[in-house]
Amino acid sequence: MPVTLIESLPYTISASGSYKLGANLTTTATSGAAITVSADDVTIDLDGRWLSNAGAGLSSTCVGILAANRQNVTVKNGGITKFYKGISATDSSSLKSDYGSHWLRDLMIRDCLYMGVELQGSGNRVENSQISGTQGYAGAANSLATGIDVQGPTTVLMRTLVRDTYGTGTGIATGISMPTHCEGGVIVDCAVSNQYVQANSRGIYVDGTGEYIVEDNVVALFSTGITFTAGASGSYRNNNVISCTTEILDDSATATDDGGNV
Amino acid sequence: MATSITTIPYTITTSGRYRLDTSATLTDGVSYGITINADDVYLDLNGYTLRDTYGTGTSSRGVYAVNRRNITVENGTLKGFLYGLNFEDTTANAATHGGHLVRNVKAINCTFRGLRVDGPSCRIEDNHIHLTGGTTFFSGAFAVGIESLGPGAMITGNSISETQVGAGLEALGVSLSSYSDGSVVKENVSFNRTPPGGGYGLWFGGAGDAVIEFNLVMTWPNGIGISSPTFGSYRGNNFFNCTTAVVDNSANTVGQTSYSADNA
């Protein structure tokens with residue numbers, strides 16, 4: 001059985017396997033998902049093509065690729081644009097650790113309204129991707145905007161650019177967020193930057209109990225460059241934080257500045 | 001033109017290009033997914049998954065080869081096997097059969113080894129190993145995310161998470177187990193949510209001038225272990241939330257320096 005081509009939207013994947021986008025595909029749906037993954041052990045190769053929600057407007061809640069309570073989903077090699085969330089892989093278990101093992105790589109996720117990537121579950125990896133222009137959701141006042149939002153343990157983000165993340169009104173913008181249940185989270189070799197400092201914006205934000213490593217990242221033009229909240233523990237070193245109102249906000253009693261941060 | 005693989009167990013007997021064209025499952029606990037009995041083989045897993053659903057008592061391998069040269073495996077998932085991938089070199093010092101490349105492979109829920117690649121001059125890069133351990137096929141077994149025996153291995157850009165064993169046993173995230181002269185372990189992430197019963201995020205055993213640098217190691221009993229009489233260099237690694245960062249039992253001789261700068 002060759003790789004299954006996805007040639008129209010919406011599309012539901014209901015069997016394990018390998019799938020490929022057969023063309024640039026656009027949906028104007030304002031809710032639901034363009035591609036819904038309803039099976040484990042799935043690879044989606046975007047094959048250099050784009051998945052788009054152009055024309056759906058700024059109040060669309062349509063998700064590009066949705067995988068709820070799934071294991072072992074890989075998405076790679078292409079673009080996703082103008083969705084409410086570009087990719088949403090969720091885990092409804094209480095500790096966000098029953099699902100996961102997802103791998104996102106070589107992706108360009110542009111101009112999504114609320115989140116570029118929502119990634120939950122255990123043992124996920126994101127690499128070599130670009131998430132840019134996450135902003136502008138009009139379905140609620142003062143909307144948050146987050147480039148990559150992780151919930152779940154032992155996730156690694158590496159070699160990824162998160163660019164131009166802005167909330168609407170007083171909504172808080174966060175480049176990379178690990179807000180809860182992210183024990184063992186790693187953020188390394190990423191660049192997180194905006195073009196101007198938006199009030200209350202955060203470049204890299206880790207929260208909740210657990211251990212984190214934040215290392216060798218570049219963060220620019222946020223209200224706070226790197227935040228470790230009171231419950232978070234971890235190590236930060238060799239990060240280059242520039243043009244942020246507060247470069248590093250370490251409210252943790254147990255996080256460690258291991259040097260080299262400038 | 002690649003040869004299509006649509007059922008397992010499958011044995012490759014001639015060199016060439018092969019492509020997995022379906023996800024497939026083994027259930028008997030003894031069969032191997034794809035056995036490679038030829039040199040010079042390229043195997044594209046093509047985004048598919050090979051699974052073993054037998055459970056913790058399995059002795060199965062996802063992809064297996066013994067005493068072969070120049071095998072490339074990439075782009076897919078190996079799930080639930082005793083070894084996700086197992087390339088053996090049974091000759092002296094594991095120095096004869098190698099030249100393998102394993103990349104962009106996900107090995108998850110493997111019970112003993114995620115990836116084991118033996119032989120000289122092998123590259124293991126950009127793989128994702130998650131949830132290794134728990135075999136009941138061997139008693140008292142170590143769990144290892146990535147294991148290499150033989151000289152000149154290059155192990156880079158891999159993530160190894162949740163390598164777990166119970167109390168009194170040892171887990172290893174990445175292990176240069178022996179004969180590892182001139183090997184490099186660089187820019188890997190070896191990490192757990194909670195520490196295993198024992199073990200090391202990175203293990204360097206057996207003599208030989210290896211370089212271990214710029215790795216991140218988090219939540220292990222020990223960050224890096226260097227056995228006697230190994231020698232080499234480790235630097236720029238970040239060991240966090242490890243009870244002991246570095247256990248260095250190397251016995252260096254003149255001209256064989258254990259260089260340990262800038263580890264945090």
# chains A, B, ... in the order shown; residues from 1 in each chain; ligands from 1

call {"tool": "residues_around", "arguments": {"residues": "stretch 117-128 of chain A", "least_positions_apart": "2", "cutoff": "9 Å", "atoms": "only C-alpha atoms", "output": "ChimeraX atom specification"}}
result
/A:69-72,85-93,95-107,109,115,130-131,146-161,182,190 /B:128-131,159-162

call {"tool": "closest_atom_pairs", "arguments": {"of": "chain A", "to": "chain B", "cutoff": "6 Å", "atoms": "only C-alpha atoms", "output": "CSV"}}
result
residue,atom,partner,partner_atom,distance
A:Met1,CA,B:Asp21,CA,5.2
A:Pro2,CA,B:Asp21,CA,5.3
A:Gly17,CA,B:Tyr48,CA,5.4
A:Ser18,CA,B:Gly47,CA,5.1
A:Thr43,CA,B:Gly47,CA,5.2
A:Glu183,CA,B:Arg193,CA,5.5
A:Gly184,CA,B:Arg193,CA,5.0

call {"tool": "write_last_selection", "arguments": {"atoms": "N, CA and C atoms", "output": "short mmCIF file (atom, residue, chain, number, x, y, z; two decimals), in the first residue's frame"}}
result
data_model
loop_
_atom_site.label_atom_id
_atom_site.label_comp_id
_atom_site.auth_asym_id
_atom_site.auth_seq_id
_atom_site.Cartn_x
_atom_site.Cartn_y
_atom_site.Cartn_z
N MET A 1 0.86 -1.19 0.00
CA MET A 1 0.00 0.00 0.00
C MET A 1 0.89 1.24 0.00
N PRO A 2 0.89 1.99 -1.06
CA PRO A 2 1.72 3.19 -1.08
C PRO A 2 1.19 4.22 -0.08
N GLY A 17 -0.77 4.73 9.52
CA GLY A 17 -0.11 4.66 8.21
C GLY A 17 0.63 5.93 7.87
N SER A 18 0.97 6.04 6.62
CA SER A 18 1.77 7.15 6.12
C SER A 18 0.95 7.92 5.09
N THR A 43 2.05 9.12 10.18
CA THR A 43 2.95 10.14 9.67
C THR A 43 2.23 10.94 8.59
N GLU A 183 7.34 18.45 33.33
CA GLU A 183 8.56 17.96 33.95
C GLU A 183 9.52 17.41 32.89
N GLY A 184 10.76 17.81 32.99
CA GLY A 184 11.72 17.32 32.02
C GLY A 184 11.64 18.00 30.67
#

call {"tool": "closest_residue", "arguments": {"among": "A:Val214, A:Val219, A:Ile65, A:Ala140", "to": "A:Gly175", "atoms": "only C-alpha atoms"}}
result
A:Val219

call {"tool": "residues_around", "arguments": {"residues": "B:Thr156", "least_positions_apart": "6", "cutoff": "6 Å", "atoms": "only C-alpha atoms", "output": "PyMOL selection string"}}
result
chain B and resi 125+185-188

call {"tool": "write_last_selection", "arguments": {"atoms": "N, CA, C and O atoms", "output": "JSON list (two decimals), in the first residue's frame"}}
result
[["chain", "number", "residue", "atom", "x", "y", "z"],
["B", 125, "GLU", "N", 21.87, 9.52, 14.06],
["B", 125, "GLU", "CA", 21.61, 10.95, 14.17],
["B", 125, "GLU", "C", 20.13, 11.29, 14.03],
["B", 125, "GLU", "O", 19.39, 10.67, 13.28],
["B", 185, "VAL", "N", 29.95, 11.68, 20.83],
["B", 185, "VAL", "CA", 28.57, 11.80, 21.31],
["B", 185, "VAL", "C", 28.32, 13.28, 21.52],
["B", 185, "VAL", "O", 28.87, 13.89, 22.44],
["B", 186, "LYS", "N", 27.52, 13.88, 20.68],
["B", 186, "LYS", "CA", 27.44, 15.34, 20.66],
["B", 186, "LYS", "C", 26.01, 15.81, 20.44],
["B", 186, "LYS", "O", 25.29, 15.27, 19.59],
["B", 187, "GLU", "N", 25.63, 16.81, 21.23],
["B", 187, "GLU", "CA", 24.36, 17.51, 21.05],
["B", 187, "GLU", "C", 23.15, 16.58, 21.13],
["B", 187, "GLU", "O", 22.20, 16.72, 20.36],
["B", 188, "ASN", "N", 23.23, 15.64, 22.03],
["B", 188, "ASN", "CA", 22.07, 14.81, 22.32],
["B", 188, "ASN", "C", 21.38, 15.32, 23.59],
["B", 188, "ASN", "O", 21.98, 16.02, 24.40]]

call {"tool": "closest_residue", "arguments": {"among": "A:Tyr84, A:Tyr137, A:Tyr205, A:Trp50", "to": "A:Ile248", "atoms": "only C-alpha atoms"}}
result
A:Tyr205

call {"tool": "residues_around", "arguments": {"residues": "stretch 237-245 of chain A", "least_positions_apart": "2", "cutoff": "9 Å", "atoms": "only C-alpha atoms", "output": "list in words"}}
result
Asp189, Val197, Gly203, Ile213, Val214, Glu215, Asp216, Asn217, Val218, Val219, Ala220, Leu221, Phe222, Ser223, Thr224, Gly225, Ile226, Ser235, Glu247, Ile248, Thr256, Asp257, Asp258, Gly259, Gly260, Asn261 and Val262 of chain A; Asn238 and Ala264 of chain B

call {"tool": "select_by_dssp", "arguments": {"residues": "stretch 108-141 of chain B", "states": "strand (DSSP E or B)", "output": "list in words"}}
result
Ile108, Arg113, Gly114, Leu115, Arg116, Val117, Asp118, Arg123, Ile124, Glu125, His128, Ile129, His130, Leu131 and Thr132 of chain B

call {"tool": "residues_around", "arguments": {"residues": "A:Asp250", "least_positions_apart": "6", "cutoff": "7 Å", "atoms": "only C-alpha atoms", "output": "PyMOL selection string"}}
result
chain A and resi 227-229

call {"tool": "residues_around", "arguments": {"residues": "A:Arg110", "least_positions_apart": "6", "cutoff": "6 Å", "atoms": "only C-alpha atoms", "output": "list in words"}}
result
Thr81, Ile131, Ser132 and Gly133 of chain A

call {"tool": "residues_around", "arguments": {"residues": "B:Thr72", "least_positions_apart": "2", "cutoff": "9 Å", "atoms": "only C-alpha atoms", "output": "PyMOL selection string"}}
result
chain B and resi 40-44+70+74+99-103
